[in-house]
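Reproduced below: input27.cif, with mmCIF, C-alpha atoms, pLDDT in the B column; chains and numbers go by the auth columns.
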```cif
data_protein
#
loop_
_atom_site.group_PDB
_atom_site.id
_atom_site.type_symbol
_atom_site.label_atom_id
_atom_site.label_comp_id
_atom_site.label_asym_id
_atom_site.label_seq_id
_atom_site.Cartn_x
_atom_site.Cartn_y
_atom_site.Cartn_z
_atom_site.B_iso_or_equiv
_atom_site.auth_seq_id
_atom_site.auth_asym_id
ATOM 1 C CA MET A 1 -44.210 -43.160 15.201 71.00 15 I
ATOM 2 C CA PRO A 2 -42.075 -45.668 13.268 75.00 16 I
ATOM 3 C CA LYS A 3 -42.686 -49.341 13.910 78.00 17 I
ATOM 4 C CA ALA A 4 -39.831 -51.046 15.751 77.00 18 I
ATOM 5 C CA ASP A 5 -40.866 -54.565 14.821 87.00 19 I
ATOM 6 C CA GLN A 6 -40.811 -56.389 11.497 89.00 20 I
ATOM 7 C CA ARG A 7 -43.075 -59.308 10.583 93.00 21 I
ATOM 8 C CA TYR A 8 -42.882 -61.506 7.488 95.00 22 I
ATOM 9 C CA ASN A 9 -45.362 -64.063 6.206 94.00 23 I
ATOM 10 C CA ASN A 10 -43.496 -66.256 3.751 96.00 24 I
ATOM 11 C CA ILE A 11 -39.740 -65.813 4.032 98.00 25 I
ATOM 12 C CA ALA A 12 -37.626 -68.969 3.863 98.00 26 I
ATOM 13 C CA VAL A 13 -34.080 -69.374 5.127 99.00 27 I
ATOM 14 C CA THR A 14 -32.983 -71.556 2.236 99.00 28 I
ATOM 15 C CA SER A 15 -29.373 -72.140 3.272 99.00 29 I
ATOM 16 C CA VAL A 16 -26.815 -71.008 5.836 99.00 30 I
ATOM 17 C CA GLU A 17 -23.118 -71.760 5.406 99.00 31 I
ATOM 18 C CA HIS A 18 -19.830 -70.740 6.977 99.00 32 I
ATOM 19 C CA ALA A 19 -16.121 -70.931 6.260 98.00 33 I
ATOM 20 C CA HIS A 20 -13.407 -71.338 8.876 96.00 34 I
ATOM 21 C CA ALA A 21 -10.163 -69.438 8.562 98.00 35 I
ATOM 22 C CA PRO A 22 -7.401 -72.082 8.504 98.00 36 I
ATOM 23 C CA ILE A 23 -4.745 -70.724 10.886 98.00 37 I
ATOM 24 C CA VAL A 24 -5.388 -71.445 14.572 98.00 38 I
ATOM 25 C CA VAL A 25 -3.782 -69.084 17.108 98.00 39 I
ATOM 26 C CA THR A 26 -4.256 -70.100 20.726 98.00 40 I
ATOM 27 C CA SER A 27 -4.576 -67.707 23.632 97.00 41 I
ATOM 28 C CA ASP A 28 -1.534 -69.398 25.166 97.00 42 I
ATOM 29 C CA GLU A 29 0.466 -68.341 22.104 98.00 43 I
ATOM 30 C CA ILE A 30 -0.664 -64.731 22.502 97.00 44 I
ATOM 31 C CA ASP A 31 0.165 -64.842 26.218 96.00 45 I
ATOM 32 C CA ALA A 32 3.657 -66.027 25.311 97.00 46 I
ATOM 33 C CA GLN A 33 4.115 -63.136 22.873 97.00 47 I
ATOM 34 C CA LEU A 34 3.033 -60.678 25.572 96.00 48 I
ATOM 35 C CA ALA A 35 4.946 -62.265 28.461 95.00 49 I
ATOM 36 C CA ASN A 36 7.380 -59.375 28.940 93.00 50 I
ATOM 37 C CA SER A 37 4.594 -56.785 28.768 93.00 51 I
ATOM 38 C CA TYR A 38 2.491 -58.731 31.267 92.00 52 I
ATOM 39 C CA GLU A 39 5.358 -58.588 33.717 92.00 53 I
ATOM 40 C CA ARG A 40 6.107 -54.910 33.107 92.00 54 I
ATOM 41 C CA LEU A 41 2.436 -53.849 33.273 89.00 55 I
ATOM 42 C CA HIS A 42 1.607 -56.171 36.182 89.00 56 I
ATOM 43 C CA ALA A 43 -1.031 -57.914 34.058 87.00 57 I
ATOM 44 C CA THR A 44 -2.182 -61.469 34.654 87.00 58 I
ATOM 45 C CA PRO A 45 -1.563 -64.085 31.942 90.00 59 I
ATOM 46 C CA GLY A 46 -4.497 -66.304 31.058 92.00 60 I
ATOM 47 C CA LEU A 47 -7.170 -63.579 31.103 89.00 61 I
ATOM 48 C CA LEU A 48 -8.147 -64.299 27.512 92.00 62 I
ATOM 49 C CA GLN A 49 -9.276 -67.733 28.635 93.00 63 I
ATOM 50 C CA SER A 50 -10.411 -67.130 32.215 92.00 64 I
ATOM 51 C CA LEU A 51 -12.160 -63.771 31.667 85.00 65 I
ATOM 52 C CA ALA A 52 -13.222 -63.851 28.016 88.00 66 I
ATOM 53 C CA GLY A 53 -13.472 -67.618 27.555 93.00 67 I
ATOM 54 C CA ILE A 54 -11.421 -67.438 24.347 95.00 68 I
ATOM 55 C CA HIS A 55 -9.082 -70.414 23.972 96.00 69 I
ATOM 56 C CA GLU A 56 -8.241 -69.863 20.318 97.00 70 I
ATOM 57 C CA ARG A 57 -9.033 -67.701 17.319 97.00 71 I
ATOM 58 C CA ARG A 58 -8.422 -68.161 13.626 98.00 72 I
ATOM 59 C CA PHE A 59 -6.620 -66.115 10.984 98.00 73 I
ATOM 60 C CA TRP A 60 -6.757 -66.212 7.216 98.00 74 I
ATOM 61 C CA GLU A 61 -3.540 -66.695 5.312 98.00 75 I
ATOM 62 C CA GLU A 62 -1.676 -63.543 4.312 96.00 76 I
ATOM 63 C CA GLY A 63 -3.270 -61.843 1.332 96.00 77 I
ATOM 64 C CA VAL A 64 -6.811 -63.172 1.837 98.00 78 I
ATOM 65 C CA LEU A 65 -9.240 -60.266 1.505 98.00 79 I
ATOM 66 C CA PRO A 66 -12.674 -59.923 3.117 98.00 80 I
ATOM 67 C CA SER A 67 -14.238 -60.421 -0.322 99.00 81 I
ATOM 68 C CA ASP A 68 -12.334 -63.708 -0.744 99.00 82 I
ATOM 69 C CA ALA A 69 -13.704 -64.993 2.558 99.00 83 I
ATOM 70 C CA ALA A 70 -17.228 -63.758 1.855 99.00 84 I
ATOM 71 C CA ALA A 71 -17.197 -65.310 -1.614 99.00 85 I
ATOM 72 C CA LEU A 72 -16.058 -68.629 -0.152 99.00 86 I
ATOM 73 C CA ALA A 73 -19.050 -68.763 2.192 99.00 87 I
ATOM 74 C CA GLY A 74 -21.348 -67.346 -0.479 99.00 88 I
ATOM 75 C CA GLU A 75 -20.420 -70.070 -2.945 99.00 89 I
ATOM 76 C CA LYS A 76 -21.182 -72.730 -0.351 99.00 90 I
ATOM 77 C CA ALA A 77 -24.543 -71.133 0.444 99.00 91 I
ATOM 78 C CA LEU A 78 -25.515 -70.995 -3.224 99.00 92 I
ATOM 79 C CA GLU A 79 -24.551 -74.616 -3.773 99.00 93 I
ATOM 80 C CA SER A 80 -26.453 -75.930 -0.759 98.00 94 I
ATOM 81 C CA SER A 81 -29.535 -73.788 -1.470 98.00 95 I
ATOM 82 C CA GLY A 82 -30.302 -75.305 -4.837 97.00 96 I
ATOM 83 C CA VAL A 83 -31.089 -71.796 -6.103 98.00 97 I
ATOM 84 C CA ASP A 84 -29.598 -70.937 -9.469 98.00 98 I
ATOM 85 C CA ARG A 85 -27.296 -67.955 -9.101 98.00 99 I
ATOM 86 C CA SER A 86 -29.021 -66.326 -12.071 98.00 100 I
ATOM 87 C CA ASP A 87 -32.115 -66.033 -9.850 99.00 101 I
ATOM 88 C CA ILE A 88 -30.373 -64.067 -7.081 99.00 102 I
ATOM 89 C CA GLY A 89 -31.902 -60.589 -6.998 99.00 103 I
ATOM 90 C CA ILE A 90 -29.578 -58.970 -4.454 99.00 104 I
ATOM 91 C CA ILE A 91 -26.327 -59.550 -2.593 99.00 105 I
ATOM 92 C CA ILE A 92 -25.567 -57.607 0.580 99.00 106 I
ATOM 93 C CA ASN A 93 -22.164 -57.719 2.232 99.00 107 I
ATOM 94 C CA THR A 94 -22.373 -56.979 5.960 99.00 108 I
ATOM 95 C CA SER A 95 -18.798 -57.386 7.163 98.00 109 I
ATOM 96 C CA VAL A 96 -16.978 -54.896 9.350 97.00 110 I
ATOM 97 C CA CYS A 97 -13.855 -55.602 7.294 97.00 111 I
ATOM 98 C CA ARG A 98 -13.754 -54.250 3.745 97.00 112 I
ATOM 99 C CA ASP A 99 -11.365 -54.646 0.844 97.00 113 I
ATOM 100 C CA TYR A 100 -11.430 -50.898 0.187 97.00 114 I
ATOM 101 C CA ILE A 101 -13.300 -47.786 1.243 95.00 115 I
ATOM 102 C CA GLU A 102 -14.695 -47.996 -2.273 96.00 116 I
ATOM 103 C CA PRO A 103 -15.827 -49.843 -4.332 98.00 117 I
ATOM 104 C CA SER A 104 -18.205 -51.786 -2.122 98.00 118 I
ATOM 105 C CA THR A 105 -17.046 -55.220 -1.039 99.00 119 I
ATOM 106 C CA ALA A 106 -20.445 -56.516 -2.169 99.00 120 I
ATOM 107 C CA SER A 107 -19.647 -55.506 -5.740 99.00 121 I
ATOM 108 C CA ILE A 108 -16.419 -57.510 -5.599 99.00 122 I
ATOM 109 C CA VAL A 109 -18.148 -60.587 -4.172 99.00 123 I
ATOM 110 C CA HIS A 110 -20.879 -60.166 -6.804 99.00 124 I
ATOM 111 C CA GLY A 111 -18.232 -60.472 -9.501 99.00 125 I
ATOM 112 C CA LYS A 112 -16.421 -63.377 -7.864 99.00 126 I
ATOM 113 C CA LEU A 113 -19.661 -65.352 -7.604 99.00 127 I
ATOM 114 C CA GLY A 114 -20.734 -64.561 -11.157 99.00 128 I
ATOM 115 C CA LEU A 115 -24.101 -63.149 -10.142 99.00 129 I
ATOM 116 C CA PRO A 116 -26.356 -61.592 -12.788 98.00 130 I
ATOM 117 C CA ASP A 117 -26.070 -57.920 -13.685 98.00 131 I
ATOM 118 C CA THR A 118 -29.671 -57.495 -12.523 98.00 132 I
ATOM 119 C CA ALA A 119 -28.703 -58.320 -8.919 99.00 133 I
ATOM 120 C CA LEU A 120 -28.448 -55.305 -6.638 99.00 134 I
ATOM 121 C CA ASN A 121 -25.219 -55.203 -4.643 99.00 135 I
ATOM 122 C CA PHE A 122 -24.189 -53.002 -1.736 99.00 136 I
ATOM 123 C CA ASP A 123 -22.611 -53.057 1.713 99.00 137 I
ATOM 124 C CA VAL A 124 -24.444 -52.648 5.009 98.00 138 I
ATOM 125 C CA GLY A 125 -22.215 -51.747 7.951 95.00 139 I
ATOM 126 C CA ASN A 126 -23.539 -51.950 11.484 96.00 140 I
ATOM 127 C CA ALA A 127 -20.878 -53.694 13.566 93.00 141 I
ATOM 128 C CA CYS A 128 -22.125 -57.031 14.939 91.00 142 I
ATOM 129 C CA LEU A 129 -25.699 -56.326 13.818 95.00 143 I
ATOM 130 C CA GLY A 130 -24.930 -55.942 10.129 97.00 144 I
ATOM 131 C CA PHE A 131 -25.835 -59.506 9.139 98.00 145 I
ATOM 132 C CA LEU A 132 -29.213 -59.263 10.870 97.00 146 I
ATOM 133 C CA ASN A 133 -29.853 -55.946 9.126 97.00 147 I
ATOM 134 C CA GLY A 134 -28.986 -57.588 5.830 98.00 148 I
ATOM 135 C CA ILE A 135 -31.489 -60.378 6.448 98.00 149 I
ATOM 136 C CA THR A 136 -34.298 -57.917 7.186 96.00 150 I
ATOM 137 C CA ILE A 137 -33.545 -55.856 4.067 97.00 151 I
ATOM 138 C CA VAL A 138 -33.600 -58.920 1.825 98.00 152 I
ATOM 139 C CA ALA A 139 -36.679 -60.333 3.570 98.00 153 I
ATOM 140 C CA ALA A 140 -38.587 -57.086 3.038 97.00 154 I
ATOM 141 C CA MET A 141 -37.717 -57.049 -0.667 98.00 155 I
ATOM 142 C CA VAL A 142 -38.803 -60.670 -1.071 98.00 156 I
ATOM 143 C CA GLU A 143 -42.016 -60.037 0.866 97.00 157 I
ATOM 144 C CA ARG A 144 -42.872 -57.106 -1.413 97.00 158 I
ATOM 145 C CA GLY A 145 -42.321 -59.271 -4.479 98.00 159 I
ATOM 146 C CA GLU A 146 -39.364 -57.248 -5.762 98.00 160 I
ATOM 147 C CA ILE A 147 -37.076 -60.297 -5.838 99.00 161 I
ATOM 148 C CA ASP A 148 -37.417 -64.050 -5.328 99.00 162 I
ATOM 149 C CA HIS A 149 -34.061 -64.793 -3.698 99.00 163 I
ATOM 150 C CA GLY A 150 -31.303 -62.815 -1.994 99.00 164 I
ATOM 151 C CA LEU A 151 -27.827 -63.555 -0.660 99.00 165 I
ATOM 152 C CA ILE A 152 -26.280 -62.080 2.492 99.00 166 I
ATOM 153 C CA VAL A 153 -22.521 -62.550 2.981 99.00 167 I
ATOM 154 C CA ASN A 154 -19.934 -61.630 5.581 99.00 168 I
ATOM 155 C CA GLY A 155 -16.163 -62.127 5.624 99.00 169 I
ATOM 156 C CA GLU A 156 -14.096 -60.963 8.591 98.00 170 I
ATOM 157 C CA GLY A 157 -10.350 -60.965 9.137 97.00 171 I
ATOM 158 C CA SER A 158 -8.820 -60.013 12.490 96.00 172 I
ATOM 159 C CA ARG A 159 -5.175 -60.799 11.823 96.00 173 I
ATOM 160 C CA PHE A 160 -3.997 -57.226 11.220 96.00 174 I
ATOM 161 C CA ALA A 161 -5.846 -55.846 14.245 96.00 175 I
ATOM 162 C CA VAL A 162 -4.606 -58.558 16.617 97.00 176 I
ATOM 163 C CA GLU A 163 -0.992 -58.473 15.435 97.00 177 I
ATOM 164 C CA SER A 164 -0.921 -54.646 15.503 97.00 178 I
ATOM 165 C CA THR A 165 -2.303 -54.671 19.045 96.00 179 I
ATOM 166 C CA ILE A 166 0.308 -57.172 20.218 97.00 180 I
ATOM 167 C CA ALA A 167 3.021 -54.943 18.757 97.00 181 I
ATOM 168 C CA ARG A 168 1.601 -51.864 20.531 96.00 182 I
ATOM 169 C CA LEU A 169 1.297 -53.635 23.865 95.00 183 I
ATOM 170 C CA ASN A 170 4.890 -54.818 23.543 96.00 184 I
ATOM 171 C CA SER A 171 6.161 -51.273 22.988 94.00 185 I
ATOM 172 C CA ASP A 172 7.771 -49.214 25.737 93.00 186 I
ATOM 173 C CA GLU A 173 4.888 -46.727 25.466 93.00 187 I
ATOM 174 C CA ALA A 174 2.269 -49.291 26.523 94.00 188 I
ATOM 175 C CA THR A 175 0.456 -48.533 29.783 94.00 189 I
ATOM 176 C CA PRO A 176 -1.931 -50.507 32.016 92.00 190 I
ATOM 177 C CA GLU A 177 -4.769 -48.304 30.746 93.00 191 I
ATOM 178 C CA MET A 178 -3.860 -49.119 27.143 92.00 192 I
ATOM 179 C CA PHE A 179 -3.873 -52.820 27.995 91.00 193 I
ATOM 180 C CA ARG A 180 -7.353 -52.566 29.523 90.00 194 I
ATOM 181 C CA GLU A 181 -8.702 -50.590 26.562 92.00 195 I
ATOM 182 C CA GLN A 182 -7.290 -52.898 23.898 92.00 196 I
ATOM 183 C CA PHE A 183 -7.673 -56.262 25.636 91.00 197 I
ATOM 184 C CA ALA A 184 -10.865 -57.085 23.701 90.00 198 I
ATOM 185 C CA THR A 185 -9.008 -56.791 20.389 94.00 199 I
ATOM 186 C CA LEU A 186 -7.115 -59.949 21.305 95.00 200 I
ATOM 187 C CA THR A 187 -10.385 -61.907 21.421 94.00 201 I
ATOM 188 C CA LEU A 188 -11.195 -61.235 17.759 95.00 202 I
ATOM 189 C CA GLY A 189 -11.190 -64.031 15.210 96.00 203 I
ATOM 190 C CA SER A 190 -11.663 -64.523 11.478 98.00 204 I
ATOM 191 C CA GLY A 191 -14.296 -66.349 9.474 98.00 205 I
ATOM 192 C CA ALA A 192 -17.089 -66.028 6.954 99.00 206 I
ATOM 193 C CA ALA A 193 -20.816 -66.745 6.731 99.00 207 I
ATOM 194 C CA ALA A 194 -23.561 -66.541 4.134 99.00 208 I
ATOM 195 C CA MET A 195 -27.320 -67.034 3.897 99.00 209 I
ATOM 196 C CA VAL A 196 -29.764 -67.410 1.028 99.00 210 I
ATOM 197 C CA VAL A 197 -33.213 -65.974 1.772 99.00 211 I
ATOM 198 C CA SER A 198 -36.115 -66.853 -0.520 99.00 212 I
ATOM 199 C CA ASN A 199 -39.809 -66.673 -1.220 98.00 213 I
ATOM 200 C CA GLY A 200 -41.109 -69.652 0.734 98.00 214 I
ATOM 201 C CA ASP A 201 -43.288 -70.812 -2.169 98.00 215 I
ATOM 202 C CA LEU A 202 -40.255 -71.309 -4.398 98.00 216 I
ATOM 203 C CA VAL A 203 -38.009 -73.489 -2.221 98.00 217 I
ATOM 204 C CA ASP A 204 -38.254 -76.649 -0.167 95.00 218 I
ATOM 205 C CA SER A 205 -37.113 -75.341 3.212 95.00 219 I
ATOM 206 C CA PRO A 206 -38.929 -75.672 6.551 95.00 220 I
ATOM 207 C CA HIS A 207 -36.996 -72.785 8.076 97.00 221 I
ATOM 208 C CA ARG A 208 -38.713 -69.416 8.215 97.00 222 I
ATOM 209 C CA PHE A 209 -37.598 -65.922 9.094 97.00 223 I
ATOM 210 C CA ILE A 210 -40.667 -64.467 10.778 96.00 224 I
ATOM 211 C CA GLY A 211 -39.346 -61.059 11.786 93.00 225 I
ATOM 212 C CA GLY A 212 -37.544 -59.107 14.439 90.00 226 I
ATOM 213 C CA LEU A 213 -37.585 -56.192 16.852 90.00 227 I
ATOM 214 C CA SER A 214 -35.242 -53.208 16.863 88.00 228 I
ATOM 215 C CA ARG A 215 -34.327 -50.902 19.734 90.00 229 I
ATOM 216 C CA ALA A 216 -31.587 -48.254 19.910 90.00 230 I
ATOM 217 C CA ASN A 217 -29.703 -46.893 22.908 91.00 231 I
ATOM 218 C CA THR A 218 -27.146 -44.868 21.023 92.00 232 I
ATOM 219 C CA GLN A 219 -25.881 -42.743 23.893 92.00 233 I
ATOM 220 C CA HIS A 220 -23.616 -45.738 24.543 90.00 234 I
ATOM 221 C CA ASN A 221 -22.062 -45.694 21.074 91.00 235 I
ATOM 222 C CA GLN A 222 -18.546 -45.130 22.442 92.00 236 I
ATOM 223 C CA LEU A 223 -18.398 -48.294 24.556 89.00 237 I
ATOM 224 C CA CYS A 224 -16.530 -50.074 21.776 90.00 238 I
ATOM 225 C CA VAL A 225 -14.740 -48.170 19.013 91.00 239 I
ATOM 226 C CA GLY A 226 -12.969 -50.027 16.230 89.00 240 I
ATOM 227 C CA GLN A 227 -10.313 -49.079 13.700 90.00 241 I
ATOM 228 C CA PRO A 228 -8.554 -51.359 11.184 90.00 242 I
ATOM 229 C CA ASP A 229 -5.614 -51.857 13.548 90.00 243 I
ATOM 230 C CA GLU A 230 -7.296 -51.829 16.959 87.00 244 I
ATOM 231 C CA MET A 231 -10.485 -51.937 18.984 88.00 245 I
ATOM 232 C CA ARG A 232 -10.823 -49.817 22.121 88.00 246 I
ATOM 233 C CA THR A 233 -13.352 -50.929 24.712 88.00 247 I
ATOM 234 C CA ASP A 234 -14.697 -49.148 27.783 87.00 248 I
ATOM 235 C CA THR A 235 -14.590 -52.275 29.938 77.00 249 I
ATOM 236 C CA ALA A 236 -15.887 -50.577 33.084 78.00 250 I
ATOM 237 C CA GLY A 237 -18.761 -49.024 31.161 80.00 251 I
ATOM 238 C CA LEU A 238 -19.729 -52.359 29.634 75.00 252 I
ATOM 239 C CA LEU A 239 -19.861 -54.005 33.046 70.00 253 I
ATOM 240 C CA ARG A 240 -22.066 -51.346 34.635 74.00 254 I
#
```

Using the file provided, produce a representation of the structure as structure tokens.
Amino acid sequence: MPKADQRYNNIAVTSVEHAHAPIVVTSDEIDAQLANSYERLHATPGLLQSLAGIHERRFWEEGVLPSDAAALAGEKALESSGVDRSDIGIIINTSVCRDYIEPSTASIVHGKLGLPDTALNFDVGNACLGFLNGITIVAAMVERGEIDHGLIVNGEGSRFAVESTIARLNSDEATPEMFREQFATLTLGSGAAAMVVSNGDLVDSPHRFIGGLSRANTQHNQLCVGQPDEMRTDTAGLLR
């Protein structure tokens, strides 16, 4: 039987950095854009704040790609880590958002950061868990002595999904059921994060990644289904 837990002996979290998207969009602004639909669909304004606790989200400027955002955070993580980029043995991009179906977004970030041609590069997609999966993959490679340092990056942009959803909910075809299904899309934001993971003997960092535990309950894999322009959520199912 496969082991569900992972344990590591000498894995350092050398640096963690993030990048904020610059454009702030408040929930009040979204409520204002949906005012006519709220009235027609008998929906209550203010749910984004009162129910979801989301007061604002951020968007990147037009034209910013997931690889741009990921590279921004990745550059900051490399600088603060003190690790020379020539010593990075792998870069994994874990974002839901991608520049293209192919090539991998990781390969684009690899090029933007000027990483060595010996550094492995690939994407890992697993919704909100992708970054954690990326950490465990890099940690396992470091623990086995295959590499000394690895970089995990993530760049997300929600602008297209949120704006497309607002347009759909403002259409004459919008229904109360559609509003309930797509409400969660309006909570999405944009940003980027990156982490350098290293052999603990090679860096001066007190922070350690000691392992994790994985469990799957995949019969619920339809509770939240995302596409580039929308996210549909089974709200009732999530609350059961």

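Closest to Gly171 (chain I) among I:Ser51, I:Ser95, I:Ser41, I:Ser109 is I:Ser109, based on all atoms listed in the file.
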
Since I can't run it myself right now, could you work out what the PyMOL selection byres ((chain I and resi 96) around 12) selects here and report it as a list of chain:residue names? I:Thr28, I:Ser29, I:Glu89, I:Lys90, I:Ala91, I:Leu92, I:Glu93, I:Ser94, I:Ser95, I:Val97, I:Asp98, I:Arg99, I:Ser100, I:Asp101, I:Ile102, I:His163, I:Val210, I:Val211, I:Ser212, I:Leu216, I:Val217, I:Asp218, I:Ser219

Could you save the residues just selected, with C-alpha atoms, as a compact mmCIF listing (two decimals), in the frame of the given file?
```txt
# COMPACT_ATOMS: atom_id res chain seq x y z
CA THR I 28 -32.98 -71.56 2.24
CA SER I 29 -29.37 -72.14 3.27
CA GLU I 89 -20.42 -70.07 -2.94
CA LYS I 90 -21.18 -72.73 -0.35
CA ALA I 91 -24.54 -71.13 0.44
CA LEU I 92 -25.52 -71.00 -3.22
CA GLU I 93 -24.55 -74.62 -3.77
CA SER I 94 -26.45 -75.93 -0.76
CA SER I 95 -29.54 -73.79 -1.47
CA VAL I 97 -31.09 -71.80 -6.10
CA ASP I 98 -29.60 -70.94 -9.47
CA ARG I 99 -27.30 -67.96 -9.10
CA SER I 100 -29.02 -66.33 -12.07
CA ASP I 101 -32.12 -66.03 -9.85
CA ILE I 102 -30.37 -64.07 -7.08
CA HIS I 163 -34.06 -64.79 -3.70
CA VAL I 210 -29.76 -67.41 1.03
CA VAL I 211 -33.21 -65.97 1.77
CA SER I 212 -36.12 -66.85 -0.52
CA LEU I 216 -40.26 -71.31 -4.40
CA VAL I 217 -38.01 -73.49 -2.22
CA ASP I 218 -38.25 -76.65 -0.17
CA SER I 219 -37.11 -75.34 3.21
```

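Between Gly225 (chain I) and the candidates I:Ala84, I:Ile68, I:Val152, I:Ile106, the tightest atom-to-atom separation, counting only C-alpha atoms, involves I:Val152.
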
Applying 10 Å and only C-alpha atoms, which residues near Ile44 (chain I) remain after dropping the ones on its own chain fewer than 3 positions away? List them as a list in words.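 Within the cut-off, the hits are Val39, Thr40, Ser41, Gln47, Leu48, Ala49, Pro59, Gly60, Leu62, Glu70, Val176, Glu177, Ile180 and Leu200 of chain I.
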
Which is closest to Ala120 (chain I) among I:Asn107, I:Gln196, I:Asn184, I:Thr58, if we use all atoms listed in the file?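 Looking at the shortest contact to Ala120 (chain I), the residue is I:Asn107.
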
CA of Ala26 (chain I) to CA of Ser228 (chain I), straight-line distance in Å: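 Result for CA of Ser228 (chain I) versus CA of Ala26 (chain I): 20.6 Å, one decimal.
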
Please supply region 46-59 of chain I, rebuilt with N, CA and C atoms, as a PDB file, in the frame of the given file.
```pdb
ATOM      1  N   ALA I  46       2.204 -65.877  25.422  1.00 97.00           N
ATOM      2  CA  ALA I  46       3.657 -66.027  25.311  1.00 97.00           C
ATOM      3  C   ALA I  46       4.275 -64.821  24.609  1.00 97.00           C
ATOM      4  N   GLN I  47       3.600 -64.307  23.580  1.00 97.00           N
ATOM      5  CA  GLN I  47       4.115 -63.136  22.873  1.00 97.00           C
ATOM      6  C   GLN I  47       4.096 -61.887  23.748  1.00 97.00           C
ATOM      7  N   LEU I  48       3.182 -61.855  24.708  1.00 96.00           N
ATOM      8  CA  LEU I  48       3.033 -60.678  25.572  1.00 96.00           C
ATOM      9  C   LEU I  48       3.657 -60.865  26.950  1.00 96.00           C
ATOM     10  N   ALA I  49       4.429 -61.917  27.129  1.00 95.00           N
ATOM     11  CA  ALA I  49       4.946 -62.265  28.461  1.00 95.00           C
ATOM     12  C   ALA I  49       5.709 -61.111  29.108  1.00 95.00           C
ATOM     13  N   ASN I  50       6.596 -60.470  28.366  1.00 93.00           N
ATOM     14  CA  ASN I  50       7.380 -59.375  28.940  1.00 93.00           C
ATOM     15  C   ASN I  50       6.493 -58.186  29.312  1.00 93.00           C
ATOM     16  N   SER I  51       5.506 -57.894  28.476  1.00 93.00           N
ATOM     17  CA  SER I  51       4.594 -56.785  28.768  1.00 93.00           C
ATOM     18  C   SER I  51       3.717 -57.094  29.968  1.00 93.00           C
ATOM     19  N   TYR I  52       3.269 -58.349  30.090  1.00 92.00           N
ATOM     20  CA  TYR I  52       2.491 -58.731  31.267  1.00 92.00           C
ATOM     21  C   TYR I  52       3.275 -58.431  32.540  1.00 92.00           C
ATOM     22  N   GLU I  53       4.530 -58.791  32.524  1.00 92.00           N
ATOM     23  CA  GLU I  53       5.358 -58.588  33.717  1.00 92.00           C
ATOM     24  C   GLU I  53       5.553 -57.101  33.987  1.00 92.00           C
ATOM     25  N   ARG I  54       5.849 -56.340  32.941  1.00 92.00           N
ATOM     26  CA  ARG I  54       6.107 -54.910  33.107  1.00 92.00           C
ATOM     27  C   ARG I  54       4.852 -54.154  33.517  1.00 92.00           C
ATOM     28  N   LEU I  55       3.689 -54.559  32.997  1.00 89.00           N
ATOM     29  CA  LEU I  55       2.436 -53.849  33.273  1.00 89.00           C
ATOM     30  C   LEU I  55       1.662 -54.451  34.436  1.00 89.00           C
ATOM     31  N   HIS I  56       2.249 -55.478  35.055  1.00 89.00           N
ATOM     32  CA  HIS I  56       1.607 -56.171  36.182  1.00 89.00           C
ATOM     33  C   HIS I  56       0.236 -56.735  35.770  1.00 89.00           C
ATOM     34  N   ALA I  57       0.192 -57.282  34.569  1.00 87.00           N
ATOM     35  CA  ALA I  57      -1.031 -57.914  34.058  1.00 87.00           C
ATOM     36  C   ALA I  57      -0.960 -59.418  34.303  1.00 87.00           C
ATOM     37  N   THR I  58      -2.102 -60.043  34.350  1.00 87.00           N
ATOM     38  CA  THR I  58      -2.182 -61.469  34.654  1.00 87.00           C
ATOM     39  C   THR I  58      -2.322 -62.287  33.377  1.00 87.00           C
ATOM     40  N   PRO I  59      -1.401 -63.198  33.098  1.00 90.00           N
ATOM     41  CA  PRO I  59      -1.563 -64.085  31.942  1.00 90.00           C
ATOM     42  C   PRO I  59      -2.799 -64.971  32.120  1.00 90.00           C
TER      43      PRO I  59
END
```
